Structure formats: structure tokens, C-alpha cells
file upload_26.tsv (TSV, C-alpha atoms (C1' of nucleotides))
chain	number	residue	atom	x	y	z
A	26	MET	CA	-9.00	126.82	272.73
A	27	THR	CA	-8.57	125.58	269.20
A	28	GLU	CA	-9.84	127.37	266.16
A	29	GLU	CA	-12.46	124.70	265.67
A	30	GLN	CA	-13.78	125.23	269.16
A	31	GLU	CA	-14.04	128.94	268.44
A	32	VAL	CA	-16.03	128.21	265.32
A	33	PHE	CA	-18.32	125.94	267.24
A	34	LEU	CA	-18.92	128.46	270.00
A	35	GLN	CA	-19.67	131.17	267.53
A	36	HIS	CA	-22.15	128.97	265.74
A	37	ILE	CA	-23.76	128.03	269.03
A	38	GLN	CA	-24.10	131.64	270.08
A	39	LYS	CA	-25.29	132.88	266.73
A	40	LYS	CA	-28.13	130.41	266.90
A	41	GLY	CA	-28.98	131.19	270.49
A	42	LEU	CA	-28.02	127.71	271.64
A	43	LYS	CA	-26.13	126.67	274.70
A	44	ARG	CA	-22.74	125.32	275.44
A	45	THR	CA	-22.81	122.07	277.37
A	46	ALA	CA	-20.31	119.59	278.68
A	47	GLN	CA	-21.67	116.95	276.30
A	48	ARG	CA	-21.23	119.07	273.22
A	49	ASP	CA	-17.73	119.99	274.28
A	50	LEU	CA	-16.79	116.37	274.79
A	51	ILE	CA	-18.29	115.23	271.51
A	52	LEU	CA	-16.53	117.96	269.58
A	53	ASP	CA	-13.30	117.14	271.34
A	54	MET	CA	-13.46	113.45	270.49
A	55	PHE	CA	-14.45	114.25	266.95
A	56	LEU	CA	-11.47	116.55	266.50
A	57	ARG	CA	-9.06	113.99	267.87
A	58	THR	CA	-10.06	111.45	265.31
A	59	GLU	CA	-8.70	111.86	261.81
A	60	GLU	CA	-10.98	109.29	260.29
A	61	HIS	CA	-14.43	108.82	258.92
A	62	LEU	CA	-16.62	108.30	261.91
A	63	SER	CA	-20.16	107.12	262.02
A	64	SER	CA	-22.41	108.42	264.74
A	65	GLU	CA	-22.09	105.01	266.32
A	66	ASP	CA	-18.28	105.16	266.26
A	67	LEU	CA	-18.22	108.54	267.88
A	68	TYR	CA	-20.80	107.45	270.40
A	69	ARG	CA	-18.55	104.61	271.49
A	70	LEU	CA	-15.54	106.91	271.81
A	71	VAL	CA	-17.47	109.44	273.80
A	72	GLN	CA	-18.93	106.75	276.03
A	73	LYS	CA	-15.46	105.87	277.24
A	74	GLN	CA	-15.08	109.37	278.63
A	75	ASP	CA	-18.60	109.78	279.88
A	76	PRO	CA	-20.84	106.72	279.94
A	77	THR	CA	-23.91	108.77	280.73
A	78	ILE	CA	-23.95	110.40	277.33
A	79	GLY	CA	-26.74	109.32	275.02
A	80	GLN	CA	-26.66	108.20	271.43
A	81	THR	CA	-29.23	110.83	270.57
A	82	THR	CA	-26.99	113.63	271.75
A	83	VAL	CA	-24.22	112.40	269.50
A	84	TYR	CA	-26.57	112.39	266.50
A	85	ARG	CA	-27.77	115.86	267.33
A	86	THR	CA	-24.33	117.23	267.95
A	87	LEU	CA	-22.99	115.84	264.69
A	88	LYS	CA	-25.77	117.67	262.88
A	89	LEU	CA	-24.75	120.79	264.73
A	90	LEU	CA	-21.10	120.34	263.78
A	91	THR	CA	-22.15	119.92	260.18
A	92	GLU	CA	-24.15	123.12	260.31
A	93	ALA	CA	-21.21	124.90	261.86
A	94	GLY	CA	-19.05	123.77	258.96
A	95	LEU	CA	-16.77	121.65	261.10
A	96	ALA	CA	-17.98	118.30	259.87
A	97	ARG	CA	-19.13	116.95	256.57
A	98	GLU	CA	-21.56	114.10	256.03
A	99	VAL	CA	-20.32	111.34	253.80
A	100	ARG	CA	-22.38	108.37	252.77
A	101	PHE	CA	-20.53	105.43	251.40
A	102	GLY	CA	-23.65	103.58	250.39
A	103	ASP	CA	-23.83	101.09	253.22
A	104	GLY	CA	-26.72	102.89	254.82
A	105	VAL	CA	-24.60	104.54	257.48
A	106	THR	CA	-23.81	108.22	257.54
A	107	HIS	CA	-20.18	108.95	258.22
A	108	TYR	CA	-18.69	112.26	259.19
A	109	GLU	CA	-15.31	113.69	258.43
A	110	HIS	CA	-13.49	116.90	259.23
A	111	ASN	CA	-14.48	119.79	257.09
A	112	TYR	CA	-12.84	122.81	258.65
A	113	LYS	CA	-9.87	124.03	256.67
A	114	HIS	CA	-9.64	120.62	255.18
A	115	GLN	CA	-9.38	120.52	251.46
A	116	HIS	CA	-12.24	118.80	249.72
A	117	HIS	CA	-11.29	115.30	248.70
A	118	ASP	CA	-12.88	112.20	247.31
A	119	HIS	CA	-12.80	108.55	248.23
A	120	MET	CA	-11.86	105.22	246.82
A	121	ILE	CA	-13.42	102.38	248.73
A	122	CYS	CA	-12.05	98.88	248.64
A	123	SER	CA	-14.86	96.38	248.43
A	124	GLU	CA	-12.59	93.63	249.75
A	125	CYS	CA	-11.21	95.15	252.92
A	126	GLY	CA	-13.27	98.31	253.32
A	127	ARG	CA	-10.19	100.51	253.27
A	128	ILE	CA	-10.84	104.08	252.28
A	129	ILE	CA	-8.30	105.98	250.23
A	130	GLU	CA	-8.67	109.72	250.07
A	131	PHE	CA	-7.53	111.59	247.04
A	132	PHE	CA	-7.83	114.94	245.42
A	133	SER	CA	-7.58	116.12	241.85
A	134	ALA	CA	-7.85	119.76	240.91
A	135	GLU	CA	-8.58	118.72	237.34
A	136	LEU	CA	-11.49	116.63	238.48
A	137	GLU	CA	-12.87	119.54	240.46
A	138	ALA	CA	-12.49	121.85	237.51
A	139	ILE	CA	-14.31	119.55	235.14
A	140	GLN	CA	-17.12	119.02	237.60
A	141	ASP	CA	-17.55	122.75	237.91
A	142	ALA	CA	-17.50	123.08	234.15
A	143	MET	CA	-20.18	120.41	233.76
A	144	ALA	CA	-22.31	122.17	236.34
A	145	ALA	CA	-21.87	125.51	234.61
A	146	LYS	CA	-22.91	123.94	231.33
A	147	HIS	CA	-26.24	123.02	232.91
A	148	ARG	CA	-26.43	126.32	234.75
A	149	PHE	CA	-26.41	124.32	237.92
A	150	GLN	CA	-25.17	126.01	241.08
A	151	VAL	CA	-23.06	123.53	243.00
A	152	THR	CA	-23.50	123.23	246.72
A	153	GLN	CA	-21.38	120.17	247.18
A	154	HIS	CA	-20.23	117.16	245.30
A	155	LEU	CA	-19.32	113.66	246.16
A	156	LEU	CA	-17.26	111.18	244.22
A	157	ARG	CA	-16.92	107.61	245.24
A	158	ILE	CA	-14.80	105.10	243.40
A	159	ILE	CA	-15.43	101.53	244.39
A	160	GLY	CA	-13.03	98.77	243.54
A	161	ILE	CA	-10.14	96.73	244.87
A	162	CYS	CA	-7.14	98.30	246.52
A	163	ALA	CA	-3.53	97.49	245.68
A	164	GLU	CA	-3.05	95.24	248.71
A	165	CYS	CA	-6.17	93.23	248.15
A	166	ARG	CA	-5.27	92.84	244.50
A	167	ARG	CA	-1.94	91.40	245.50
A	168	ALA	CA	-3.56	89.11	248.03
A	169	LEU	CA	-6.00	87.92	245.41
A	170	ARG	CA	-3.26	87.31	242.89
A	171	GLU	CA	-1.37	85.21	245.39
A	172	ALA	CA	-4.44	83.25	246.26
A	173	ASP	CA	-4.94	82.54	242.57
A	174	LYS	CA	-1.32	81.48	242.20
A	175	ALA	CA	-1.60	79.07	245.10
A	176	GLN	CA	-4.77	77.82	243.59
A	177	ALA	CA	-3.09	77.22	240.24
A	178	LEU	CA	-0.34	75.19	241.93
A	179	VAL	CA	-2.84	72.94	243.62
A	180	GLY	CA	-4.29	72.41	240.21
A	181	THR	CA	-7.39	70.61	241.36
A	182	GLY	CA	-10.80	71.25	239.96
A	183	ALA	CA	-12.10	72.02	243.43
A	184	LYS	CA	-14.24	75.12	243.38
A	185	GLN	CA	-12.73	77.86	245.47
A	186	THR	CA	-13.79	81.40	245.19
A	187	SER	CA	-10.90	83.74	244.83
A	188	ALA	CA	-13.12	86.75	244.73
A	189	ARG	CA	-15.67	87.45	247.36
A	190	ALA	CA	-18.79	89.51	247.30
A	191	ARG	CA	-19.04	92.26	249.80
B	11	MET	CA	-38.24	88.89	223.62
B	12	THR	CA	-35.96	91.80	224.21
B	13	GLU	CA	-32.25	91.53	224.74
B	14	GLU	CA	-32.69	92.44	228.37
B	15	GLN	CA	-35.11	89.62	228.90
B	16	GLU	CA	-32.60	87.24	227.35
B	17	VAL	CA	-29.94	88.47	229.72
B	18	PHE	CA	-32.26	87.98	232.64
B	19	LEU	CA	-33.23	84.45	231.62
B	20	GLN	CA	-29.63	83.48	231.15
B	21	HIS	CA	-28.75	84.81	234.58
B	22	ILE	CA	-31.69	82.98	236.10
B	23	GLN	CA	-30.71	79.73	234.47
B	24	LYS	CA	-27.03	80.03	235.23
B	25	LYS	CA	-27.87	80.36	238.89
B	26	GLY	CA	-30.38	77.53	238.88
B	27	LEU	CA	-33.24	79.85	239.68
B	28	LYS	CA	-36.72	79.88	238.28
B	29	ARG	CA	-38.67	82.04	235.96
B	30	THR	CA	-41.89	83.31	237.46
B	31	ALA	CA	-44.71	85.55	236.41
B	32	GLN	CA	-43.76	88.02	239.14
B	33	ARG	CA	-40.18	88.32	238.00
B	34	ASP	CA	-41.30	88.77	234.42
B	35	LEU	CA	-43.71	91.49	235.37
B	36	ILE	CA	-41.23	93.33	237.57
B	37	LEU	CA	-38.58	93.23	234.87
B	38	ASP	CA	-41.10	94.41	232.34
B	39	MET	CA	-42.20	97.39	234.40
B	40	PHE	CA	-38.61	98.23	235.19
B	41	LEU	CA	-37.67	98.22	231.53
B	42	ARG	CA	-40.58	100.44	230.60
B	43	THR	CA	-39.47	103.13	232.99
B	44	GLU	CA	-36.62	105.32	231.96
B	45	GLU	CA	-36.16	106.87	235.35
B	46	HIS	CA	-34.56	106.31	238.67
B	47	LEU	CA	-36.92	104.07	240.53
B	48	SER	CA	-36.91	103.17	244.15
B	49	SER	CA	-38.13	99.77	245.16
B	50	GLU	CA	-41.23	101.49	246.45
B	51	ASP	CA	-41.86	103.21	243.09
B	52	LEU	CA	-41.53	99.99	241.20
B	53	TYR	CA	-43.71	98.22	243.71
B	54	ARG	CA	-46.50	100.69	243.08
B	55	LEU	CA	-46.21	100.33	239.32
B	56	VAL	CA	-46.24	96.59	239.52
B	57	GLN	CA	-49.17	96.63	241.91
B	58	LYS	CA	-51.31	98.23	239.24
B	59	GLN	CA	-50.80	95.23	237.03
B	60	ASP	CA	-50.98	92.61	239.72
B	61	PRO	CA	-52.13	93.70	243.17
B	62	THR	CA	-51.18	90.38	244.73
B	63	ILE	CA	-47.47	91.00	244.28
B	64	GLY	CA	-45.52	91.66	247.43
B	65	GLN	CA	-43.07	94.41	248.28
B	66	THR	CA	-40.53	91.78	249.25
B	67	THR	CA	-40.55	90.23	245.82
B	68	VAL	CA	-39.79	93.58	244.27
B	69	TYR	CA	-36.83	94.06	246.59
B	70	ARG	CA	-35.57	90.60	245.82
B	71	THR	CA	-36.05	90.94	242.10
B	72	LEU	CA	-34.24	94.26	241.97
B	73	LYS	CA	-31.27	92.61	243.62
B	74	LEU	CA	-31.48	89.92	240.99
B	75	LEU	CA	-31.60	92.45	238.18
B	76	THR	CA	-28.58	94.15	239.64
B	77	GLU	CA	-26.69	90.86	239.75
B	78	ALA	CA	-27.68	90.18	236.17
B	79	GLY	CA	-26.22	93.52	235.18
B	80	LEU	CA	-29.54	94.97	234.06
B	81	ALA	CA	-29.93	97.42	236.89
B	82	ARG	CA	-27.60	99.55	238.89
B	83	GLU	CA	-28.09	100.71	242.45
B	84	VAL	CA	-27.81	104.42	242.99
B	85	ARG	CA	-28.05	106.07	246.36
B	86	PHE	CA	-28.68	109.75	246.37
B	87	GLY	CA	-28.14	110.10	250.05
B	88	ASP	CA	-31.72	110.32	251.22
B	89	GLY	CA	-31.66	106.84	252.61
B	90	VAL	CA	-33.52	105.29	249.71
B	91	THR	CA	-31.89	103.02	247.18
B	92	HIS	CA	-32.78	103.86	243.62
B	93	TYR	CA	-32.25	101.71	240.60
B	94	GLU	CA	-31.53	102.70	237.06
B	95	HIS	CA	-30.97	100.87	233.80
B	96	ASN	CA	-27.52	99.48	233.42
B	97	TYR	CA	-27.65	97.30	230.33
B	98	LYS	CA	-25.98	98.90	227.34
B	99	HIS	CA	-26.52	102.22	228.99
B	100	GLN	CA	-23.53	104.46	229.10
B	101	HIS	CA	-22.32	105.23	232.55
B	102	HIS	CA	-23.40	108.66	233.63
B	103	ASP	CA	-23.42	110.82	236.71
B	104	HIS	CA	-26.02	112.92	238.47
B	105	MET	CA	-26.68	116.45	239.53
B	106	ILE	CA	-29.37	116.64	242.14
B	107	CYS	CA	-31.32	119.80	242.82
B	108	SER	CA	-31.78	120.28	246.53
B	109	GLU	CA	-34.74	122.59	245.92
B	110	CYS	CA	-36.95	120.51	243.65
B	111	GLY	CA	-35.31	117.11	243.71
B	112	ARG	CA	-34.82	117.11	239.95
B	113	ILE	CA	-32.07	114.84	238.74
B	114	ILE	CA	-29.93	115.83	235.80
B	115	GLU	CA	-27.87	113.13	234.17
B	116	PHE	CA	-24.62	113.99	232.50
B	117	PHE	CA	-21.55	112.36	231.16
B	118	SER	CA	-18.01	113.54	230.65
B	119	ALA	CA	-15.37	111.39	229.06
B	120	GLU	CA	-12.71	113.63	230.56
B	121	LEU	CA	-14.09	113.05	234.00
B	122	GLU	CA	-14.03	109.32	233.46
B	123	ALA	CA	-10.48	109.44	232.18
B	124	ILE	CA	-9.23	111.40	235.16
B	125	GLN	CA	-10.98	109.11	237.57
B	126	ASP	CA	-9.31	106.14	235.95
B	127	ALA	CA	-5.97	107.91	236.07
B	128	MET	CA	-6.40	108.65	239.78
B	129	ALA	CA	-7.27	105.04	240.41
B	130	ALA	CA	-4.27	103.82	238.43
B	131	LYS	CA	-2.03	106.11	240.45
B	132	HIS	CA	-3.12	104.29	243.59
B	133	ARG	CA	-3.06	100.92	241.84
B	134	PHE	CA	-6.72	100.69	242.58
B	135	GLN	CA	-8.84	98.48	240.34
B	136	VAL	CA	-12.12	100.25	239.69
B	137	THR	CA	-15.33	98.29	239.88
B	138	GLN	CA	-17.65	101.22	239.67
B	139	HIS	CA	-17.78	104.85	240.49
B	140	LEU	CA	-20.41	107.29	241.46
B	141	LEU	CA	-20.41	111.04	241.22
B	142	ARG	CA	-23.11	113.16	242.71
B	143	ILE	CA	-23.24	116.91	242.40
B	144	ILE	CA	-25.70	118.56	244.70
B	145	GLY	CA	-26.87	122.11	244.19
B	146	ILE	CA	-29.59	124.21	242.68
B	147	CYS	CA	-30.84	123.69	239.15
B	148	ALA	CA	-31.29	126.46	236.59
B	149	GLU	CA	-35.05	126.65	237.07
B	150	CYS	CA	-34.94	126.83	240.81
B	151	ARG	CA	-32.23	129.45	240.62
B	152	ARG	CA	-34.48	131.54	238.45
B	153	ALA	CA	-37.44	130.98	240.75
B	154	LEU	CA	-35.34	132.00	243.71
B	155	ARG	CA	-34.08	135.11	241.98
B	156	GLU	CA	-37.63	136.14	241.19
B	157	ALA	CA	-38.76	135.50	244.71
B	158	ASP	CA	-35.93	137.69	245.94
B	159	LYS	CA	-36.86	140.40	243.49
B	160	ALA	CA	-40.49	140.37	244.60
B	161	GLN	CA	-39.27	140.41	248.15
B	162	ALA	CA	-37.11	143.46	247.46
B	163	LEU	CA	-40.09	145.29	245.97
B	164	VAL	CA	-42.22	144.65	249.00
B	165	GLY	CA	-39.38	146.03	251.00
B	166	THR	CA	-40.80	145.01	254.36
B	167	GLY	CA	-38.84	143.39	257.09
B	168	ALA	CA	-41.28	140.47	257.12
B	169	LYS	CA	-39.42	137.19	257.27
B	170	GLN	CA	-40.08	135.10	254.23
B	171	THR	CA	-37.95	132.15	253.40
B	172	SER	CA	-36.83	132.23	249.84
B	173	ALA	CA	-34.88	129.06	250.21
B	174	ARG	CA	-36.40	125.92	251.55
B	175	ALA	CA	-34.84	122.91	253.15
B	176	ARG	CA	-35.50	119.58	251.59
C	26	DC	C1'	-41.56	65.47	243.48
C	27	DT	C1'	-37.94	68.65	244.79
C	28	DC	C1'	-36.31	72.92	245.72
C	29	DA	C1'	-36.85	77.69	244.71
C	30	DA	C1'	-40.20	81.67	245.01
C	31	DT	C1'	-43.74	84.13	247.14
C	32	DG	C1'	-46.22	87.00	250.50
C	33	DC	C1'	-46.95	87.96	254.98
C	34	DA	C1'	-45.46	89.34	259.35
C	35	DA	C1'	-41.76	90.05	262.19
C	36	DA	C1'	-37.14	91.43	262.84
C	37	DG	C1'	-33.32	94.41	261.76
C	38	DT	C1'	-30.82	98.86	261.08
C	39	DA	C1'	-30.09	103.65	261.24
C	40	DT	C1'	-31.98	107.71	262.59
C	41	DT	C1'	-35.51	110.92	264.49
C	42	DT	C1'	-38.96	112.52	267.73
C	43	DG	C1'	-41.86	113.21	272.11
C	44	DC	C1'	-41.35	114.08	276.67
C	45	DA	C1'	-40.10	114.96	281.53
C	46	DC	C1'	-36.38	116.56	283.94
C	47	DG	C1'	-31.96	119.17	284.36
C	48	DC	C1'	-28.82	122.77	283.30
C	49	DT	C1'	-27.10	127.15	280.79
C	50	DC	C1'	-27.57	131.84	280.16
D	17	DG	C1'	-36.45	131.84	285.91
D	18	DA	C1'	-37.07	130.86	280.73
D	19	DG	C1'	-35.99	127.99	277.47
D	20	DC	C1'	-32.68	125.03	275.42
D	21	DG	C1'	-30.37	120.34	276.10
D	22	DT	C1'	-30.40	115.71	277.60
D	23	DG	C1'	-31.39	110.79	277.83
D	24	DC	C1'	-34.73	107.54	277.49
D	25	DA	C1'	-38.14	105.13	275.02
D	26	DA	C1'	-40.99	105.00	271.29
D	27	DA	C1'	-41.63	106.04	266.57
D	28	DT	C1'	-40.19	106.08	261.87
D	29	DA	C1'	-38.31	104.66	257.47
D	30	DC	C1'	-36.26	101.41	254.64
D	31	DT	C1'	-34.86	96.83	253.97
D	32	DT	C1'	-34.11	91.97	255.18
D	33	DT	C1'	-35.40	87.52	257.10
D	34	DG	C1'	-38.22	83.41	258.86
D	35	DC	C1'	-41.72	80.61	257.62
D	36	DA	C1'	-45.53	78.13	255.66
D	37	DT	C1'	-47.51	77.69	251.27
D	38	DT	C1'	-47.34	77.73	246.24
D	39	DG	C1'	-45.38	76.79	241.93
D	40	DA	C1'	-41.61	75.95	238.33
D	41	DG	C1'	-38.67	72.57	236.28

call {"tool": "encode", "arguments": {"input": "upload_26.tsv", "output": "C-alpha cells"}}
result
Amino acid sequence: MTEEQEVFLQHIQKKGLKRTAQRDLILDMFLRTEEHLSSEDLYRLVQKQDPTIGQTTVYRTLKLLTEAGLAREVRFGDGVTHYEHNYKHQHHDHMICSECGRIIEFFSAELEAIQDAMAAKHRFQVTQHLLRIIGICAECRRALREADKAQALVGTGAKQTSARAR
Amino acid sequence: MTEEQEVFLQHIQKKGLKRTAQRDLILDMFLRTEEHLSSEDLYRLVQKQDPTIGQTTVYRTLKLLTEAGLAREVRFGDGVTHYEHNYKHQHHDHMICSECGRIIEFFSAELEAIQDAMAAKHRFQVTQHLLRIIGICAECRRALREADKAQALVGTGAKQTSARAR
DNA sequence: CTCAATGCAAAGTATTTGCACGCTC
DNA sequence: GAGCGTGCAAATACTTTGCATTGAG
């Protein structure tokens, strides 16, 4: 039994809820995945193990995991709620590449400190914070540069877009 | 004709689009409002001036304003897209009170600098960034403290929620 | 006179809820 | 056994799309 499972059980019991095979499986699949999962993603993973499980249960269980402090909701702005590990995981922020969708996690103690200072200045009691940097990752930048180079060699006036919208 | 209207017209023309009474009105109402508007909010405002205008047009025009650089999409995580002024407005971030929904805008040059430094470290080219601090604002904190105090005086075991969910 | 814009209704997404049945505690 | 949990379908909330009509350039 992992520490996370302990935490989950304790939360379950404290709230007078029940342990079920579905919840166990969903937690298990969630823990195995070190990525940002949407409910849909997790649903698909869980389905492979037990096709009878319902989408609704995954939604509900993710809420439960969030309450228990095991998961954290992250919204990247595409209308889908993603979840990531939150138990004994240091808080971190995200850079999102608008070209390839890659997500880079990073952490800066300075950043955290300044955020806290700003909050204190407004006598605002922080519950959580979320920082999202959107832009173009190193690889996509290189790819784009090469595309432009190729383009320059062709030297025609043909309109080709080297940058794409998301 | 304000500068913003110029910008809008230029964008319209550059893209071979057309100027319409609806677009003018929507832009006008948007400019008059120094708040974070959802499409729904703006729709209601615009309706007062011209009840024949459709929700769809407001959605479409807000996208247009965003393209033109006049508006900026902000998602606070409640599933609704909000828009705020973006033309010659300094970038700023938000603290959101989970009790009353109040939104406090703030800016920190240090914060911006560190974000840029973090991005540079990952050779990530920043397009935009978004920082959201969620917590409890000064007023709600005070209200909650007072509620707790009153509660303590009563001294009963009666369950009263001093904190509310959103 | 052409093509974009509009408004409506319908379709899409993502998520939540009502409900009858099944399973923990 | 009592009540929570489950899966389904339906509902909801926000946003986008198809389409016929209207209107700008």
C-alpha cells in the first residue's frame, strides 16, 4: 500500500464514504501516470483495465482525489480540466508551447516569494496560484527557423505561412 | 474617432472584412467598460442599445477584437472566457477572491523579469503569460474573522458554516 | 453585384445531475 | 439492511457552426 493510497483511504473514511474497486483502479492509474491527465485521458486508461467503468465515475473520483490533496486541477485554457499529482510534489508552473502543445514544468522560489509578497501587500490570503507562460518551445523555434531558411532559399514570392495559429 | 477604433478599422481592412453597425456598437460598449467582461456580459450591455443583436455576433466580434490586439482573453477557471482591454494597457495579473469573486489586478516588474528569465533558461519564446492567485481578499478575511468571533460568543455547538464554497 | 456579416437554430464540448440498481460497511 | 457508489441518459453551460438572408464595399 503506497502512501498515496493511505491518504486516499483516510480521506474516504473521514468523510464516511466507501472504498470501491472503481476508485482503487482510478487512483492506481492516476498514480502510474506522471503527466497532466484530463478526465477523458484517465477514463481511456481505466477503460483498458475495466471497460465497464463509466466516465462519470472518473469525473467524480478525480474530484475526490483533489479533495484528498492527491491531485490538483490545472486548466490550460483550452476548456479542459487537467489533473496532476499534488501529493508531496513541489508546486510548479507551466510553459505551454502553442506550436506543439508540449508542456514544460518549472519552478522558481523567487517567483513564489514575490507572489506571496504581492498577496501580502493586498492583504490577500493565498489559497493557490497558477502561472502559465504561453509561447514557443526551443524545438519548435528551431523548426520554424529552418522552415524560414528553406523558404529563403526558394526565394519565390509564394505565400507560405511559417507560423501557424493554434 | 479613438485610437482603438482606428486600430480596429485597420485590422478589419487588412483582413478584407467589413465595418458594420454591430461591430461598431460592440467595440464601443467594450471600450466603455473598464472591467473583465464575459461574452454574456457584453451581450447584455449591447442588447440595451440594440436588442436585435445576436449573441453569436458578440462572440465573433470579441474574437476579432482579440486578433486586432484590442482585447485579451482571460480565463479565471470557472469555464467562462472573460475579455479585458489590451491596447496600451500594461500587462497585469489577477488575484481572485474565492469568497466574493472580487478580482484584484496587480503588476510586478520583478515578477515579469523572473518569468522572462525562466523562459530564457528553457529557450522558450514567450507569447503571453497569465498569473492567477486564488485566495481570500482582505474584506472577506475580515468578514470571516467577525463571523468566527460572533460564533465563539454564541458558544453553541450548532453547525454554522463560516466559509462558503463558490 | 459579390462576398462577408448577421441571427437563428442546431450542433459541439466538457462536465454535472437524476435515478434505479448494486455493493460496501 | 442503510446508505453510498455506479453507470446510464439526460441536463446543463458555454461556445461554435450551418444556413438563409441582409448588407457593405

call {"tool": "interface_residues", "arguments": {"input": "upload_26.tsv", "of": "chain D", "to": "chain B", "cutoff": "10 Å", "atoms": "all atoms listed in the file", "output": "list in words"}}
result
DA29, DC30, DT31, DT32, DG39, DA40 and DG41 of chain D

call {"tool": "write_last_selection", "arguments": {"input": "upload_26.tsv", "atoms": "C-alpha atoms (C1' of nucleotides)", "output": "PDB file, keeping the file's coordinate frame"}}
result
ATOM      1  C1'  DA D  29     -38.310 104.660 257.470  1.00  0.00           C
ATOM      2  C1'  DC D  30     -36.260 101.410 254.640  1.00  0.00           C
ATOM      3  C1'  DT D  31     -34.860  96.830 253.970  1.00  0.00           C
ATOM      4  C1'  DT D  32     -34.110  91.970 255.180  1.00  0.00           C
ATOM      5  C1'  DG D  39     -45.380  76.790 241.930  1.00  0.00           C
ATOM      6  C1'  DA D  40     -41.610  75.950 238.330  1.00  0.00           C
ATOM      7  C1'  DG D  41     -38.670  72.570 236.280  1.00  0.00           C
TER       8       DG D  41
END

call {"tool": "atom_distance", "arguments": {"input": "upload_26.tsv", "atom1": "CA of His110 (chain A)", "atom2": "CA of Phe55 (chain A)"}}
result
8.2 Å

call {"tool": "residues_near_point", "arguments": {"input": "upload_26.tsv", "point": "(-26.6, 91.7, 258.1)", "cutoff": "10 Å", "atoms": "all atoms listed in the file", "output": "VMD selection string"}}
result
(chain C and resid 37 to 38) or (chain D and resid 32 to 33)

call {"tool": "interface_residues", "arguments": {"input": "upload_26.tsv", "of": "chain A", "to": "chain B", "cutoff": "9 Å", "atoms": "all atoms listed in the file", "output": "count of residues only"}}
result
38

call {"tool": "residues_near_point", "arguments": {"input": "upload_26.tsv", "point": "(-21.8, 128.3, 267.8)", "cutoff": "12 Å", "atoms": "all atoms listed in the file", "output": "ChimeraX atom specification"}}
result
/A:29-45,48-49,52,86,89-95

call {"tool": "residues_around", "arguments": {"input": "upload_26.tsv", "residues": "DT37 (chain D)", "least_positions_apart": "5", "cutoff": "12 Å", "atoms": "all atoms listed in the file", "output": "PyMOL selection string"}}
result
chain C and resi 30-33

call {"tool": "closest_residue", "arguments": {"input": "upload_26.tsv", "among": "A:Ser63, A:Gln115, A:Thr27, A:Thr58", "to": "chain C", "atoms": "all atoms listed in the file"}}
result
A:Ser63

call {"tool": "closest_atom_pairs", "arguments": {"input": "upload_26.tsv", "of": "chain C", "to": "chain A", "cutoff": "9 Å", "atoms": "all atoms listed in the file", "output": "tab-separated table"}}
result
residue	atom	partner	partner_atom	distance
C:DT38	C1'	A:Gly104	CA	8.5
C:DA39	C1'	A:Val105	CA	6.7
C:DT40	C1'	A:Tyr84	CA	8.2
C:DT41	C1'	A:Thr81	CA	8.7
C:DC48	C1'	A:Thr45	CA	8.5
C:DT49	C1'	A:Lys43	CA	6.2
C:DC50	C1'	A:Lys43	CA	7.7

call {"tool": "atom_distance", "arguments": {"input": "upload_26.tsv", "atom1": "CA of Tyr53 (chain B)", "atom2": "C1' of DT42 (chain C)"}}
result
28.4 Å

call {"tool": "atom_distance", "arguments": {"input": "upload_26.tsv", "atom1": "CA of Glu115 (chain B)", "atom2": "CA of Glu13 (chain B)"}}
result
24.0 Å
